[in-house]
Amino acid sequence: MVGVLIGIVILAIVVYVGVLIYQQRIRKQVTALTTKKESMVAIPLTDELNLVGKLSLTGQSLAQFQQLQADYQDITENRFKRIDQELDQLMSDSRGVNLIQLRQRLTKITLLVNQTDALVQEVQAQLASLQEIDKQHREAVHELEKKYQDLRKTLLAKNFAFGPSIDGLEERLGQLEGNFDTFTRLTQDGDHERAADVLSQLQTDTTSLEDLIAAIPPLYKDLTVVFPDQIKELKGGYQQLAADHYQFGDQDVPGLIQDAEEHIKDNANTLAELRPSDAAVVNDRIAKQIDHIYDVMQTEMDAKEPVNQNLDRVAKFIAHAQNQSHALLNELDRLSQNYTLDHQELETARELNEQLRHIDGTYQQDVQALSGKQAVFSQVLAHQNQQEKDLKQIEEQQADILKSVAGLADEERQARDTLQQFDFNLHSLRRQVENLNLPGIPQEYLDYFFVVRDEVAQLATDMDQPQIDMERITKQLLIIQTDLDTLQEKTDDLVDSSQLAEQLLQYANRYQTSHEDVAAASHTAADLFEHKYQYAQALETIATALEQVEPGAYKRLEDAYYDRKGTAKPKRRQTEKD
């Protein structure tokens, strides 16, 4: 029982201590809120309201000030008193033990203090803003007044620099000054809300006017000084060039000058309408027009001297090319009587000659125009440059054609010498075969011999034509040479095969009675030799039989044969027998 009582006593002590601590905490918070309220009271809102009240505000600014006065009255007469009352009551209640009620009252008074503090801060800020706006507007009045005075002085002192734009600029300035008077009145009346709207437009319009005043003079100077001076110079230059008989072809220089003058006049009206951006674009176009006219006249002046310097050189160039063309055509005509020209040499030479005729025609027209003082020098110079280029190309082509036909006579002589040699070689081969006194000639050999003979005969016929096609002749020479080489090989084979076959048949007689195989082979080989004229096959037959009875006999006899003949054994025969 004693233990329970002790526990209850301890719990009561703990609760009591807790209540005391919470009461102390409440009192501290009350003290803090009281301090915050006193700091709000210390803010000199009364003085600031009096200062703003002296600004003689009107309109929306006055309405805003009056609302601030109402907020101030609510703060001082209601909110501060309620805060004092609530804080006193909370301090008194902090001695009790109703902790929930204390917490609720603390929350309520804390919200009231914070709201009041925010309202005080807002009132103070808006009062400061009204003072700052009033200050800014009064400074703007002073600055704009001075700026408009300077702009007015500029327009009066330099009105010559603005030309037809001066009236529009003065009208713009007058409008700005009227709006400025409105801004000044609103500022003095304290209607800063409406004054701010007027000031924003004033600043935009003033900047626009300043930009116009800066942009127009250089544009107007171009239109009244720079361009007119250049037009005057162009007119004088054209008159002098016309007096010196300069021509300008399809370039109507007086018309171009007049067109530029009209653009200058029209662009002055654009400036009068206060459209400097558009005027700048047109000024740039006028400058390019004037530069073009200068270029047109300068081009003709620059072309005159080289045209006169080129006349004699181009004339000599044309004459030289014509002489070469005449000589080339004569040579080709002569050669065409005896030779076929397979690469259109004559046609090409005639085309080149026709080009020369056109070049000379253009040159003569230019000379007549120069003599009649009607020539456009730049056009003549362009003709001369192209003529020299074309003449150089023509002479190169002429030289190529002459080079291609220059060796036709030599080629013909060489071809005739070769033909004579072919004929000699053909007869020599024929005699070589006839001297063998063979029983007959293989038909294959005869066919090939007659083919080569016909090729030589055809070559001789083609060479005897009134007009020789040397390209075809050259091809025939190559073919016949190849065929003659083949015929020579066939002739050598025929000679060697027949001679060796005879020798081996004679050598094989010693084995006729002792070796039936040799006797049979000799009979077969003799038949091939005497009746079928197959000398190589006859040699192969008897040689094979001899090798069986007397190995190495054929090689010995063959080597002896070529030693006597004084020629090397053909590789073909070596591969067949070795």
# chains A, B, ... in the order shown; residues from 1 in each chain; ligands from 1
call {"tool": "residues_around", "arguments": {"residues": "segment 298-306 of chain A", "least_positions_apart": "4", "cutoff": "6 Å", "atoms": "only C-alpha atoms", "output": "count of residues only"}}
result
4
call {"tool": "closest_atom_pairs", "arguments": {"of": "segment 363-453 of chain A", "to": "segment 465-476 of chain A", "cutoff": "12 Å", "atoms": "only C-alpha atoms", "output": "JSON lines"}}
result
{"residue": "A:Ser404", "atom": "CA", "partner": "A:Glu471", "partner_atom": "CA", "distance": 11.5}
{"residue": "A:Val405", "atom": "CA", "partner": "A:Met470", "partner_atom": "CA", "distance": 10.1}
{"residue": "A:Gly407", "atom": "CA", "partner": "A:Met470", "partner_atom": "CA", "distance": 10.2}
{"residue": "A:Leu408", "atom": "CA", "partner": "A:Met470", "partner_atom": "CA", "distance": 7.1}
{"residue": "A:Ala409", "atom": "CA", "partner": "A:Met470", "partner_atom": "CA", "distance": 9.4}
{"residue": "A:Asp410", "atom": "CA", "partner": "A:Met470", "partner_atom": "CA", "distance": 10.5}
{"residue": "A:Glu411", "atom": "CA", "partner": "A:Met470", "partner_atom": "CA", "distance": 7.4}
{"residue": "A:Glu412", "atom": "CA", "partner": "A:Met470", "partner_atom": "CA", "distance": 7.1}
{"residue": "A:Arg413", "atom": "CA", "partner": "A:Met470", "partner_atom": "CA", "distance": 10.8}
{"residue": "A:Gln414", "atom": "CA", "partner": "A:Thr474", "partner_atom": "CA", "distance": 10.0}
{"residue": "A:Ala415", "atom": "CA", "partner": "A:Ile473", "partner_atom": "CA", "distance": 7.5}
{"residue": "A:Arg416", "atom": "CA", "partner": "A:Ile473", "partner_atom": "CA", "distance": 10.0}
{"residue": "A:Thr418", "atom": "CA", "partner": "A:Thr474", "partner_atom": "CA", "distance": 10.5}
{"residue": "A:Leu419", "atom": "CA", "partner": "A:Ile473", "partner_atom": "CA", "distance": 10.2}
{"residue": "A:Phe422", "atom": "CA", "partner": "A:Gln476", "partner_atom": "CA", "distance": 11.7}
{"residue": "A:Val452", "atom": "CA", "partner": "A:Gln476", "partner_atom": "CA", "distance": 11.1}
call {"tool": "closest_residue", "arguments": {"among": "A:Met463, A:Asp417, A:Asn385, A:Ser371", "to": "Arg313 of chain A", "atoms": "only C-alpha atoms"}}
result
A:Asn385
call {"tool": "closest_residue", "arguments": {"among": "A:Asp291, A:Ala214, A:Leu328, A:Asp117", "to": "Lys403 of chain A", "atoms": "only C-alpha atoms"}}
result
A:Leu328
call {"tool": "atom_distance", "arguments": {"atom1": "atom CA of Lys235 of chain A", "atom2": "atom CA of His383 of chain A"}}
result
28.7 Å
call {"tool": "residues_around", "arguments": {"residues": "segment 393-398 of chain A", "least_positions_apart": "4", "cutoff": "9 Å", "atoms": "only C-alpha atoms", "output": "PyMOL selection string"}}
result
chain A and resi 321+324-325+328+348-349+352-353+355-356+388-389+402-403
call {"tool": "residues_around", "arguments": {"residues": "segment 495-499 of chain A", "least_positions_apart": "6", "cutoff": "7 Å", "atoms": "only C-alpha atoms", "output": "MDAnalysis selection string"}}
result
chainID A and resid 535:536 539
call {"tool": "write_last_selection", "arguments": {"atoms": "all heavy atoms", "output": "PDB file, in the first residue's frame"}}
result
ATOM      1  N   TYR A 535      54.925 -37.627-145.633  1.00  0.00           N
ATOM      2  CA  TYR A 535      56.340 -37.799-145.320  1.00  0.00           C
ATOM      3  C   TYR A 535      56.603 -37.800-143.814  1.00  0.00           C
ATOM      4  O   TYR A 535      57.422 -38.572-143.323  1.00  0.00           O
ATOM      5  CB  TYR A 535      57.155 -36.708-146.006  1.00  0.00           C
ATOM      6  CG  TYR A 535      56.892 -36.683-147.489  1.00  0.00           C
ATOM      7  CD1 TYR A 535      56.213 -35.626-148.084  1.00  0.00           C
ATOM      8  CD2 TYR A 535      57.331 -37.750-148.306  1.00  0.00           C
ATOM      9  CE1 TYR A 535      55.968 -35.607-149.445  1.00  0.00           C
ATOM     10  CE2 TYR A 535      57.082 -37.735-149.673  1.00  0.00           C
ATOM     11  CZ  TYR A 535      56.397 -36.665-150.239  1.00  0.00           C
ATOM     12  OH  TYR A 535      56.140 -36.670-151.576  1.00  0.00           O
ATOM     13  N   ALA A 536      55.933 -36.986-143.080  1.00  0.00           N
ATOM     14  CA  ALA A 536      56.129 -36.959-141.618  1.00  0.00           C
ATOM     15  C   ALA A 536      55.653 -38.258-140.990  1.00  0.00           C
ATOM     16  O   ALA A 536      56.310 -38.816-140.102  1.00  0.00           O
ATOM     17  CB  ALA A 536      55.385 -35.779-141.019  1.00  0.00           C
ATOM     18  N   LEU A 539      58.104 -40.995-141.828  1.00  0.00           N
ATOM     19  CA  LEU A 539      59.269 -40.883-140.955  1.00  0.00           C
ATOM     20  C   LEU A 539      58.954 -41.442-139.577  1.00  0.00           C
ATOM     21  O   LEU A 539      59.767 -42.180-138.995  1.00  0.00           O
ATOM     22  CB  LEU A 539      59.693 -39.413-140.852  1.00  0.00           C
ATOM     23  CG  LEU A 539      60.829 -39.109-139.873  1.00  0.00           C
ATOM     24  CD1 LEU A 539      62.100 -39.864-140.271  1.00  0.00           C
ATOM     25  CD2 LEU A 539      61.084 -37.607-139.805  1.00  0.00           C
TER      26      LEU A 539
END
call {"tool": "residues_around", "arguments": {"residues": "segment 258-271 of chain A", "least_positions_apart": "3", "cutoff": "7 Å", "atoms": "only C-alpha atoms", "output": "list in words"}}
result
Pro164, Ser165, Leu223, Pro254, Gly255, Leu274, Arg275, Pro276, Ala279, Val282, Ile286 and Gln289 of chain A
call {"tool": "residues_around", "arguments": {"residues": "Gln374 of chain A", "least_positions_apart": "6", "cutoff": "8 Å", "atoms": "only C-alpha atoms", "output": "ChimeraX atom specification"}}
result
/A:245-247
call {"tool": "write_last_selection", "arguments": {"atoms": "all heavy atoms", "output": "mmCIF file, in the first residue's frame"}}
result
data_model
loop_
_atom_site.group_PDB
_atom_site.id
_atom_site.type_symbol
_atom_site.label_atom_id
_atom_site.label_comp_id
_atom_site.auth_asym_id
_atom_site.auth_seq_id
_atom_site.Cartn_x
_atom_site.Cartn_y
_atom_site.Cartn_z
ATOM 1 N N HIS A 245 33.519 58.620 -129.918
ATOM 2 C CA HIS A 245 32.930 57.529 -130.721
ATOM 3 C C HIS A 245 32.950 56.184 -129.989
ATOM 4 O O HIS A 245 33.038 55.138 -130.647
ATOM 5 C CB HIS A 245 33.657 57.397 -132.064
ATOM 6 C CG HIS A 245 33.688 58.681 -132.849
ATOM 7 N ND1 HIS A 245 32.566 59.233 -133.428
ATOM 8 C CD2 HIS A 245 34.721 59.536 -133.103
ATOM 9 C CE1 HIS A 245 32.900 60.368 -134.032
ATOM 10 N NE2 HIS A 245 34.193 60.589 -133.856
ATOM 11 N N TYR A 246 32.846 56.210 -128.693
ATOM 12 C CA TYR A 246 32.682 54.946 -127.960
ATOM 13 C C TYR A 246 31.249 54.441 -128.145
ATOM 14 O O TYR A 246 30.300 55.238 -128.160
ATOM 15 C CB TYR A 246 32.952 55.137 -126.469
ATOM 16 C CG TYR A 246 34.415 55.106 -126.101
ATOM 17 C CD1 TYR A 246 35.193 56.256 -126.159
ATOM 18 C CD2 TYR A 246 35.021 53.922 -125.688
ATOM 19 C CE1 TYR A 246 36.543 56.232 -125.816
ATOM 20 C CE2 TYR A 246 36.373 53.896 -125.339
ATOM 21 C CZ TYR A 246 37.128 55.056 -125.414
ATOM 22 O OH TYR A 246 38.456 55.029 -125.075
ATOM 23 N N GLN A 247 31.120 53.146 -128.295
ATOM 24 C CA GLN A 247 29.810 52.515 -128.410
ATOM 25 C C GLN A 247 29.615 51.563 -127.220
ATOM 26 O O GLN A 247 30.574 51.010 -126.691
ATOM 27 C CB GLN A 247 29.701 51.734 -129.722
ATOM 28 C CG GLN A 247 29.956 52.574 -130.968
ATOM 29 C CD GLN A 247 28.898 53.644 -131.178
ATOM 30 O OE1 GLN A 247 27.729 53.427 -130.859
ATOM 31 N NE2 GLN A 247 29.303 54.799 -131.715
#
call {"tool": "closest_residue", "arguments": {"among": "A:Thr544, A:Ser428, A:Asn437, A:Gln203", "to": "Val518 of chain A", "atoms": "only C-alpha atoms"}}
result
A:Thr544
